[in-house]
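**Student:** Structure: upload-v6.cif, mmCIF, C-alpha atoms and all ligand atoms.
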data_protein
loop_
_atom_site.label_atom_id
_atom_site.label_comp_id
_atom_site.auth_asym_id
_atom_site.auth_seq_id
_atom_site.Cartn_x
_atom_site.Cartn_y
_atom_site.Cartn_z
CA MET A 471 7.85 -2.87 6.57
CA THR A 472 4.20 -1.99 6.16
CA THR A 473 4.34 0.49 3.29
CA ALA A 474 3.64 -0.97 -0.14
CA ILE A 475 3.83 2.18 -2.24
CA ASP A 476 5.42 5.47 -1.26
CA VAL A 477 5.20 8.46 -3.57
CA HIS A 478 6.81 11.88 -3.07
CA GLY A 479 6.50 14.90 -5.33
CA LEU A 480 5.89 12.86 -8.46
CA ARG A 481 5.69 15.03 -11.54
CA ILE A 482 5.68 14.37 -15.26
CA ALA A 483 5.14 16.52 -18.33
CA PHE A 484 4.71 15.55 -21.95
CA GLY A 485 6.14 18.40 -23.98
CA ASP A 486 5.00 21.55 -22.22
CA ARG A 487 1.94 19.85 -20.77
CA THR A 488 2.24 18.86 -17.12
CA VAL A 489 0.08 15.80 -16.62
CA VAL A 490 1.03 14.76 -13.11
CA ASP A 491 1.85 17.75 -11.00
CA GLY A 492 3.27 16.72 -7.66
CA LEU A 493 1.70 13.58 -6.24
CA ASP A 494 2.26 12.54 -2.63
CA PHE A 495 0.67 9.49 -1.08
CA SER A 496 1.46 6.15 0.40
CA VAL A 497 -0.35 2.83 0.28
CA GLU A 498 -0.18 0.33 3.12
CA ARG A 499 0.48 -3.34 2.54
CA GLY A 500 -2.74 -5.28 2.04
CA GLU A 501 -4.64 -2.12 1.27
CA VAL A 502 -6.90 -1.59 -1.73
CA PHE A 503 -6.18 1.91 -2.96
CA ALA A 504 -8.20 3.54 -5.71
CA LEU A 505 -7.06 6.42 -7.89
CA LEU A 506 -10.29 8.00 -9.06
CA GLY A 507 -10.41 10.40 -11.97
CA PRO A 508 -11.99 11.08 -15.34
CA ASN A 509 -10.54 10.25 -18.73
CA GLY A 510 -7.24 12.06 -19.24
CA ALA A 511 -6.67 12.78 -15.56
CA GLY A 512 -3.29 11.02 -15.53
CA LYS A 513 -4.26 7.66 -14.03
CA THR A 514 -2.49 5.48 -16.58
CA THR A 515 0.53 7.78 -16.52
CA THR A 516 0.77 7.36 -12.74
CA ILE A 517 0.47 3.57 -13.03
CA ASN A 518 3.11 3.57 -15.77
CA ILE A 519 5.52 5.39 -13.48
CA LEU A 520 4.82 3.10 -10.51
CA THR A 521 5.29 0.00 -12.67
CA THR A 522 8.61 1.33 -14.09
CA LEU A 523 7.32 1.70 -17.66
CA ILE A 524 8.07 5.42 -17.78
CA ALA A 525 10.29 7.70 -15.71
CA PRO A 526 8.96 10.80 -13.96
CA ASN A 527 10.53 14.24 -14.45
CA ALA A 528 10.66 14.81 -10.72
CA GLY A 529 9.90 13.08 -7.47
CA THR A 530 10.46 9.58 -6.18
CA ALA A 531 8.40 6.44 -5.77
CA THR A 532 9.08 3.13 -4.11
CA VAL A 533 7.14 -0.10 -4.44
CA VAL A 534 7.59 -2.59 -1.58
CA GLY A 535 10.70 -0.65 -0.66
CA TYR A 536 12.34 -0.60 -4.10
CA ASP A 537 12.88 2.56 -6.09
CA VAL A 538 10.97 2.54 -9.39
CA GLY A 539 13.78 4.45 -11.08
CA THR A 540 16.92 2.70 -9.86
CA GLN A 541 15.62 -0.75 -8.87
CA ARG A 542 13.33 -1.54 -11.75
CA THR A 543 13.98 -5.29 -11.82
CA GLU A 544 13.29 -5.67 -8.11
CA VAL A 545 10.03 -3.78 -8.58
CA GLN A 546 9.03 -5.73 -11.68
CA GLN A 547 9.54 -9.06 -9.90
CA ARG A 548 7.04 -8.12 -7.21
CA ILE A 549 4.18 -6.59 -9.15
CA SER A 550 1.77 -7.38 -11.88
CA LEU A 551 0.01 -4.96 -14.13
CA THR A 552 -3.21 -5.21 -16.04
CA GLY A 553 -3.36 -2.58 -18.73
CA GLN A 554 -6.08 -1.35 -20.99
CA SER A 555 -4.48 -2.96 -24.00
CA ALA A 556 -4.26 -6.71 -23.88
CA ALA A 557 -0.80 -8.22 -23.72
CA VAL A 558 -2.05 -11.33 -25.45
CA ASP A 559 -0.98 -13.17 -28.57
CA ASP A 560 -3.82 -13.05 -31.11
CA ALA A 561 -2.68 -16.19 -32.91
CA LEU A 562 -2.87 -18.39 -29.80
CA THR A 563 -5.89 -19.77 -27.97
CA ALA A 564 -6.92 -18.50 -24.56
CA THR A 565 -5.51 -21.61 -22.89
CA GLU A 566 -2.23 -21.30 -24.78
CA ASN A 567 -1.91 -17.65 -23.81
CA VAL A 568 -2.37 -18.27 -20.10
CA ALA A 569 -0.25 -21.43 -20.13
CA MET A 570 2.57 -19.64 -21.95
CA PHE A 571 2.45 -16.83 -19.44
CA ALA A 572 2.51 -19.34 -16.59
CA ARG A 573 5.51 -21.14 -18.13
CA LEU A 574 7.33 -17.80 -18.36
CA ALA A 575 6.53 -17.27 -14.70
CA GLY A 576 8.29 -20.54 -13.90
CA LEU A 577 5.48 -23.10 -13.63
CA ASP A 578 6.07 -26.52 -15.20
CA ARG A 579 3.92 -27.70 -18.11
CA ALA A 580 1.31 -29.52 -16.03
CA ALA A 581 1.02 -26.75 -13.47
CA ALA A 582 0.72 -24.17 -16.24
CA ARG A 583 -2.17 -26.09 -17.86
CA LEU A 584 -3.91 -26.38 -14.52
CA ARG A 585 -3.45 -22.68 -13.82
CA ALA A 586 -4.89 -21.86 -17.25
CA GLU A 587 -7.94 -24.01 -16.55
CA GLU A 588 -8.54 -22.38 -13.17
CA LEU A 589 -8.14 -18.85 -14.46
CA LEU A 590 -10.26 -19.33 -17.57
CA ALA A 591 -13.01 -20.71 -15.34
CA ARG A 592 -12.66 -17.80 -12.94
CA PHE A 593 -12.94 -15.28 -15.78
CA ASP A 594 -15.80 -17.03 -17.54
CA LEU A 595 -13.79 -18.08 -20.58
CA VAL A 596 -14.20 -21.86 -20.43
CA ASP A 597 -16.28 -21.99 -23.61
CA ALA A 598 -13.66 -19.94 -25.43
CA ALA A 599 -10.66 -21.77 -23.99
CA ASP A 600 -9.66 -23.34 -27.30
CA ARG A 601 -10.53 -20.45 -29.57
CA VAL A 602 -7.82 -18.23 -31.03
CA VAL A 603 -7.89 -14.83 -29.40
CA ARG A 604 -8.20 -13.10 -32.79
CA THR A 605 -11.89 -14.09 -32.76
CA PHE A 606 -12.57 -12.65 -29.27
CA SER A 607 -14.88 -9.76 -28.50
CA GLY A 608 -13.55 -6.74 -26.59
CA GLY A 609 -14.99 -7.98 -23.32
CA MET A 610 -13.46 -11.42 -23.73
CA ARG A 611 -10.06 -9.94 -24.47
CA ARG A 612 -10.35 -7.82 -21.36
CA ARG A 613 -11.11 -10.87 -19.23
CA LEU A 614 -8.20 -12.77 -20.72
CA ASP A 615 -5.89 -9.82 -20.07
CA LEU A 616 -7.08 -9.86 -16.45
CA ALA A 617 -6.59 -13.61 -16.16
CA LEU A 618 -2.96 -13.16 -17.20
CA SER A 619 -2.28 -10.76 -14.35
CA PHE A 620 -3.41 -13.42 -11.87
CA VAL A 621 -1.07 -16.16 -13.11
CA VAL A 622 1.21 -15.48 -10.19
CA THR A 623 0.01 -13.72 -7.08
CA PRO A 624 2.06 -10.55 -6.91
CA GLU A 625 2.87 -8.49 -3.82
CA VAL A 626 1.27 -5.50 -5.47
CA LEU A 627 -1.35 -5.80 -8.17
CA PHE A 628 -1.88 -2.79 -10.43
CA LEU A 629 -5.21 -2.67 -12.19
CA ASP A 630 -5.77 0.10 -14.71
CA GLU A 631 -9.52 0.59 -15.10
CA PRO A 632 -10.08 -3.14 -14.63
CA THR A 633 -13.80 -3.21 -15.29
CA THR A 634 -14.02 -0.86 -18.25
CA GLY A 635 -15.90 -2.67 -20.99
CA LEU A 636 -17.19 -5.43 -18.75
CA ASP A 637 -20.87 -6.19 -18.29
CA THR A 638 -22.44 -5.89 -14.86
CA ARG A 639 -22.01 -9.53 -13.95
CA SER A 640 -18.36 -9.72 -15.00
CA ARG A 641 -17.75 -6.48 -13.16
CA ARG A 642 -19.19 -7.89 -9.93
CA ASP A 643 -17.25 -11.13 -10.38
CA LEU A 644 -14.06 -9.16 -10.75
CA TRP A 645 -14.86 -7.09 -7.67
CA ASP A 646 -15.17 -10.37 -5.73
CA ILE A 647 -11.82 -11.57 -7.04
CA ILE A 648 -10.14 -8.30 -6.08
CA ARG A 649 -11.66 -8.47 -2.60
CA SER A 650 -10.48 -12.03 -2.06
CA LEU A 651 -6.95 -11.17 -3.21
CA ALA A 652 -6.86 -8.23 -0.83
CA ALA A 653 -8.17 -10.39 2.00
CA ALA A 654 -5.28 -12.77 1.29
CA GLY A 655 -2.81 -9.91 1.70
CA THR A 656 -2.16 -8.64 -1.83
CA THR A 657 -1.89 -4.88 -2.09
CA VAL A 658 -4.12 -3.58 -4.86
CA PHE A 659 -3.65 -0.26 -6.63
CA LEU A 660 -6.48 0.37 -9.05
CA THR A 661 -7.66 3.22 -11.19
CA THR A 662 -11.24 3.90 -12.04
CA GLN A 663 -13.59 6.51 -13.43
CA TYR A 664 -16.43 5.15 -11.33
CA LEU A 665 -17.14 6.45 -7.86
CA GLU A 666 -19.22 3.36 -7.17
CA GLU A 667 -16.33 1.05 -8.02
CA ALA A 668 -13.92 2.94 -5.78
CA ASP A 669 -16.53 2.95 -3.04
CA GLN A 670 -17.16 -0.80 -3.36
CA LEU A 671 -13.53 -1.85 -3.39
CA ALA A 672 -11.19 0.63 -1.85
CA ASP A 673 -9.99 1.09 1.69
CA ARG A 674 -8.96 4.57 0.60
CA ILE A 675 -9.65 6.69 -2.45
CA ALA A 676 -7.44 9.40 -3.95
CA VAL A 677 -9.27 11.82 -6.20
CA LEU A 678 -7.05 12.91 -9.10
CA HIS A 679 -7.88 16.35 -10.43
CA ASP A 680 -5.67 18.56 -12.62
CA GLY A 681 -2.69 16.31 -12.00
CA ARG A 682 -2.98 16.59 -8.23
CA ILE A 683 -4.70 14.71 -5.49
CA ALA A 684 -7.71 16.81 -4.64
CA ALA A 685 -8.86 14.58 -1.79
CA LEU A 686 -7.69 11.43 -0.11
CA GLY A 687 -9.52 9.36 2.43
CA THR A 688 -11.84 6.48 3.16
CA PRO A 689 -14.93 6.04 1.00
CA SER A 690 -17.15 7.04 3.90
CA ALA A 691 -15.17 10.22 4.56
CA LEU A 692 -15.31 11.09 0.89
CA LYS A 693 -19.02 10.36 0.67
CA ALA A 694 -19.64 12.47 3.74
CA ARG A 695 -18.16 15.39 1.81
CA ILE A 696 -20.14 14.66 -1.33
CA GLY A 697 -23.46 14.10 0.36
CA GLY A 698 -25.99 11.40 -0.41
CA ASP A 699 -28.47 10.80 -3.18
CA THR A 700 -30.34 13.69 -4.74
CA VAL A 701 -34.11 13.59 -5.16
CA GLU A 702 -34.86 15.03 -8.58
CA LEU A 703 -38.11 16.06 -10.18
CA HIS A 704 -38.39 16.14 -13.97
CA ASP A 705 -41.24 17.12 -16.26
CA GLU A 706 -42.35 14.65 -18.93
CA ARG A 707 -39.80 16.03 -21.41
CA GLY A 708 -37.02 15.24 -18.95
CA GLU A 709 -36.40 18.85 -17.98
CA LEU A 710 -35.11 19.16 -14.40
CA LEU A 711 -37.64 21.03 -12.24
CA ASN A 712 -36.22 20.54 -8.78
CA ALA A 713 -33.26 18.86 -7.09
CA ILE A 714 -33.13 18.28 -3.35
CA PRO A 715 -29.88 16.95 -1.91
CA THR A 716 -30.20 14.39 0.87
CA ASP A 717 -27.83 12.60 3.22
CA GLY A 718 -29.12 9.29 1.88
CA SER A 719 -31.04 8.33 5.02
CA VAL A 720 -34.66 7.19 4.94
CA ALA A 721 -35.71 10.14 7.06
CA ASP A 722 -33.99 12.65 4.80
CA LEU A 723 -35.44 11.11 1.64
CA ARG A 724 -38.90 11.31 3.21
CA ARG A 725 -38.33 14.97 4.07
CA ALA A 726 -37.34 15.67 0.46
CA LEU A 727 -40.47 13.94 -0.87
CA ASP A 728 -42.62 15.75 1.68
CA ARG A 729 -41.25 19.05 0.46
CA LEU A 730 -42.20 18.17 -3.10
CA ALA A 731 -45.66 17.04 -1.95
CA ASP A 732 -46.17 20.21 0.09
CA ALA A 733 -45.34 22.27 -2.98
CA ALA A 734 -47.86 20.15 -4.92
CA ALA A 735 -45.09 19.59 -7.45
CA GLU A 736 -46.06 17.66 -10.58
CA GLY A 737 -43.59 15.46 -12.40
CA VAL A 738 -41.51 12.31 -12.28
CA VAL A 739 -39.39 11.69 -9.21
CA THR A 740 -36.02 9.99 -9.56
CA LEU A 741 -33.17 9.35 -7.19
CA ARG A 742 -29.74 10.32 -8.50
CA ARG A 743 -26.65 8.78 -6.95
CA PRO A 744 -23.54 10.96 -6.59
CA THR A 745 -21.35 10.94 -9.70
CA LEU A 746 -17.71 11.73 -10.33
CA ASP A 747 -18.84 15.28 -11.20
CA ASP A 748 -20.35 15.60 -7.73
CA VAL A 749 -17.05 14.42 -6.24
CA PHE A 750 -15.13 17.14 -8.06
CA LEU A 751 -17.65 19.78 -7.15
CA ALA A 752 -17.45 18.74 -3.52
CA VAL A 753 -13.68 18.50 -3.27
CA THR A 754 -12.78 21.54 -5.35
CA SER A 755 -15.35 23.99 -4.05
CA GLY A 756 -15.35 25.78 -0.75
CA ALA A 757 -12.39 26.63 1.44
CA ALA A 758 -14.33 25.14 4.34
CA ASN A 759 -13.37 21.68 3.18
CA VAL A 760 -10.63 20.25 5.30
CA GLU A 761 -8.13 18.18 3.36
CA GLU A 762 -7.75 14.86 5.06
CA HIS A 763 -4.55 13.07 4.36
CA ALA A 764 -3.64 9.64 5.62
N1 LIG B 801 3.29 9.53 -24.05
C1 LIG B 801 2.50 10.59 -24.03
N2 LIG B 801 2.79 11.69 -24.78
C2 LIG B 801 2.00 12.78 -24.74
N3 LIG B 801 0.89 12.91 -23.98
C3 LIG B 801 0.55 11.86 -23.22
C4 LIG B 801 1.32 10.65 -23.18
N4 LIG B 801 0.74 9.79 -22.33
C5 LIG B 801 -0.35 10.43 -21.85
N5 LIG B 801 -0.46 11.67 -22.37
C6 LIG B 801 -1.50 12.66 -22.06
O1 LIG B 801 -1.54 12.79 -20.65
C7 LIG B 801 -2.89 12.94 -20.20
C8 LIG B 801 -3.19 11.88 -19.17
O2 LIG B 801 -3.24 10.62 -19.82
P1 LIG B 801 -3.55 9.28 -19.03
O3 LIG B 801 -2.56 9.10 -17.95
O4 LIG B 801 -3.62 8.22 -20.06
O5 LIG B 801 -4.98 9.58 -18.42
P2 LIG B 801 -6.07 8.56 -17.84
O6 LIG B 801 -5.45 7.22 -17.76
O7 LIG B 801 -6.46 9.13 -16.51
O8 LIG B 801 -7.23 8.60 -18.80
C9 LIG B 801 -3.76 12.86 -21.42
O9 LIG B 801 -4.10 14.14 -21.82
C10 LIG B 801 -2.88 12.18 -22.44
O10 LIG B 801 -3.23 12.60 -23.74
MG MG B 802 -6.01 5.44 -18.53
#
What would the structure in this file look like if it were written as structure tokens?
**Tutor:**
Amino acid sequence: MTTAIDVHGLRIAFGDRTVVDGLDFSVERGEVFALLGPNGAGKTTTINILTTLIAPNAGTATVVGYDVGTQRTEVQQRISLTGQSAAVDDALTATENVAMFARLAGLDRAAARLRAEELLARFDLVDAADRVVRTFSGGMRRRLDLALSFVVTPEVLFLDEPTTGLDTRSRRDLWDIIRSLAAAGTTVFLTTQYLEEADQLADRIAVLHDGRIAALGTPSALKARIGGDTVELHDERGELLNAIPTDGSVADLRRALDRLADAAAEGVVTLRRPTLDDVFLAVTSGAANVEEHA
């Protein structure tokens, strides 16, 4: 079986508000799949359904072949989930937290200690290993929460906005960890608000918009629809004077600059990378866009 996650017609409403409005997609084993959407788009809700925490109002979903509604235990045994709120015990140290988690996962005392050491090193928490978590900063908590989800290597790893609140270095370190897990065969389902993160990590990206998938495809296919960087010209007060879209190539950037030079335009030139807003504009505007589904 090569399908890790299979979702059909998934729908959920809270009160009279439909949050997820008919999702259909599947994720292959070993794939890194990114669900990209802004705050409130329904990313956490979708992850909560796929990890059996909440039940949908309609539709079905399987994870490694098991139904998330009727085979919750089977699903739970094969996944791990990193949430946005840390599942850590504030009164324990970082080492104690990881070791306890490892013991619960079936490792013996020595193996659990060793696992804690490895993971705290990997997540840059060695100096804080013996501090109680109550004294941790937000970023440290986040890294500890992540470390916990790597105690056992799951078949499918769910990461809900894994790098939110991390600094650039920690973010890049985590990207490396996710890549190495995927290379070793773990299926990764992650959510993010950052186009760059989805682009860096994912084999395929699903764009979540108004509770539906507005586009689904490889990062390069998605980027081809969005276009490349935009050359912008601002006056000294920051007011936008001109914006020339490019395909991101050297030749096209040069053409854009030449156009500004020809117009003898005065101002400060900047290069703006595509944002999530650009993604939505691109995927929700124009009937000419061909939906590409896997
Ligand atoms: N248990 C709940 N009861 C009511 N509304 C909820 C509940 N969970 C989420 N929502 C609402 O559903 C929407 C999507 O939430 P969420 O899935 O957390 O979005 P995201 O993770 O993409 O930021 C939000 O408007 C949120 O307020
Ligand atoms: Mg969320």
**Student:** Quick one, how far is atom CA of Ala713 of chain A from atom CA of Tyr664 of chain A?
**Tutor:**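 Rounded to one decimal, the two atoms are 22.1 Å apart.
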**Student:** State, in Å with one decimal place, the distance from atom CA of Gly698 of chain A to atom CA of Ser719 of chain A.
**Tutor:**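 Atom CA of Ser719 of chain A lies 8.0 Å from atom CA of Gly698 of chain A.
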**Student:** Ligand LIG 801 (chain B): which residues are within 12 Å, counting all atoms listed in the file, as number ranges by chain?
**Tutor:** A: 481-491, 505-519, 523-526, 553-555, 629-632, 634, 660-664, 677-682
**Student:** I'd like to know which of A:Gln541, A:Ala734, A:Thr633, A:Ala564 is closest to Val603 of chain A, using all atoms listed in the file.
**Tutor:**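 Distance minimum relative to Val603 of chain A lands on A:Ala564.
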**Student:** For a test of reading the model, state the distance in Å between atom CA of Ala691 of chain A and atom CA of Thr754 of chain A, rounded to one decimal.
**Tutor:**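 According to the coordinates, atom CA of Ala691 of chain A and atom CA of Thr754 of chain A are separated by 15.2 Å.
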**Student:** Could you list, as a VMD selection string, every residue within 10 Å of Phe620 of chain A, counting all atoms listed in the file and ignoring same-chain residues fewer than 3 positions away?
**Tutor:** chain A and resid 550 to 552 568 572 585 589 615 to 617 623 to 624 627 647 651
**Student:** Which of these residues is nearest to Arg649 of chain A, using all atoms listed in the file: A:Glu501, A:Asp560, A:Glu588, A:Asp699?
**Tutor:**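 Under the stated criterion, the closest residue is A:Glu501.
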**Student:** Place a sphere of radius 12 Å on (-30.0, 13.7, 4.5) in the file coordinates and name every protein, DNA or RNA residue with an atom inside or on its surface, counting all atoms listed in the file; give the answer as an MDAnalysis selection string.
**Tutor:** chainID A and resid 694 696:701 714:727
**Student:** Using only C-alpha atoms, determine which residues lie at most 9 Å from Trp645 of chain A, disregarding the query and same-chain residues fewer than 6 positions distant; provide the list as a count of residues only.
**Tutor:** 4
**Student:** Kindly indicate which residue among A:Asp643, A:Glu625, A:Asp578, A:Glu498 lies nearest to Thr472 of chain A, using all atoms listed in the file for the distances.
**Tutor:** A:Glu498
**Student:** I'd like to know which of A:Pro689, A:Gly635, A:Gly576, A:Gly737 is closest to Gly708 of chain A, using all atoms listed in the file.
**Tutor:**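 So, comparing all the options, the nearest one is A:Gly737.
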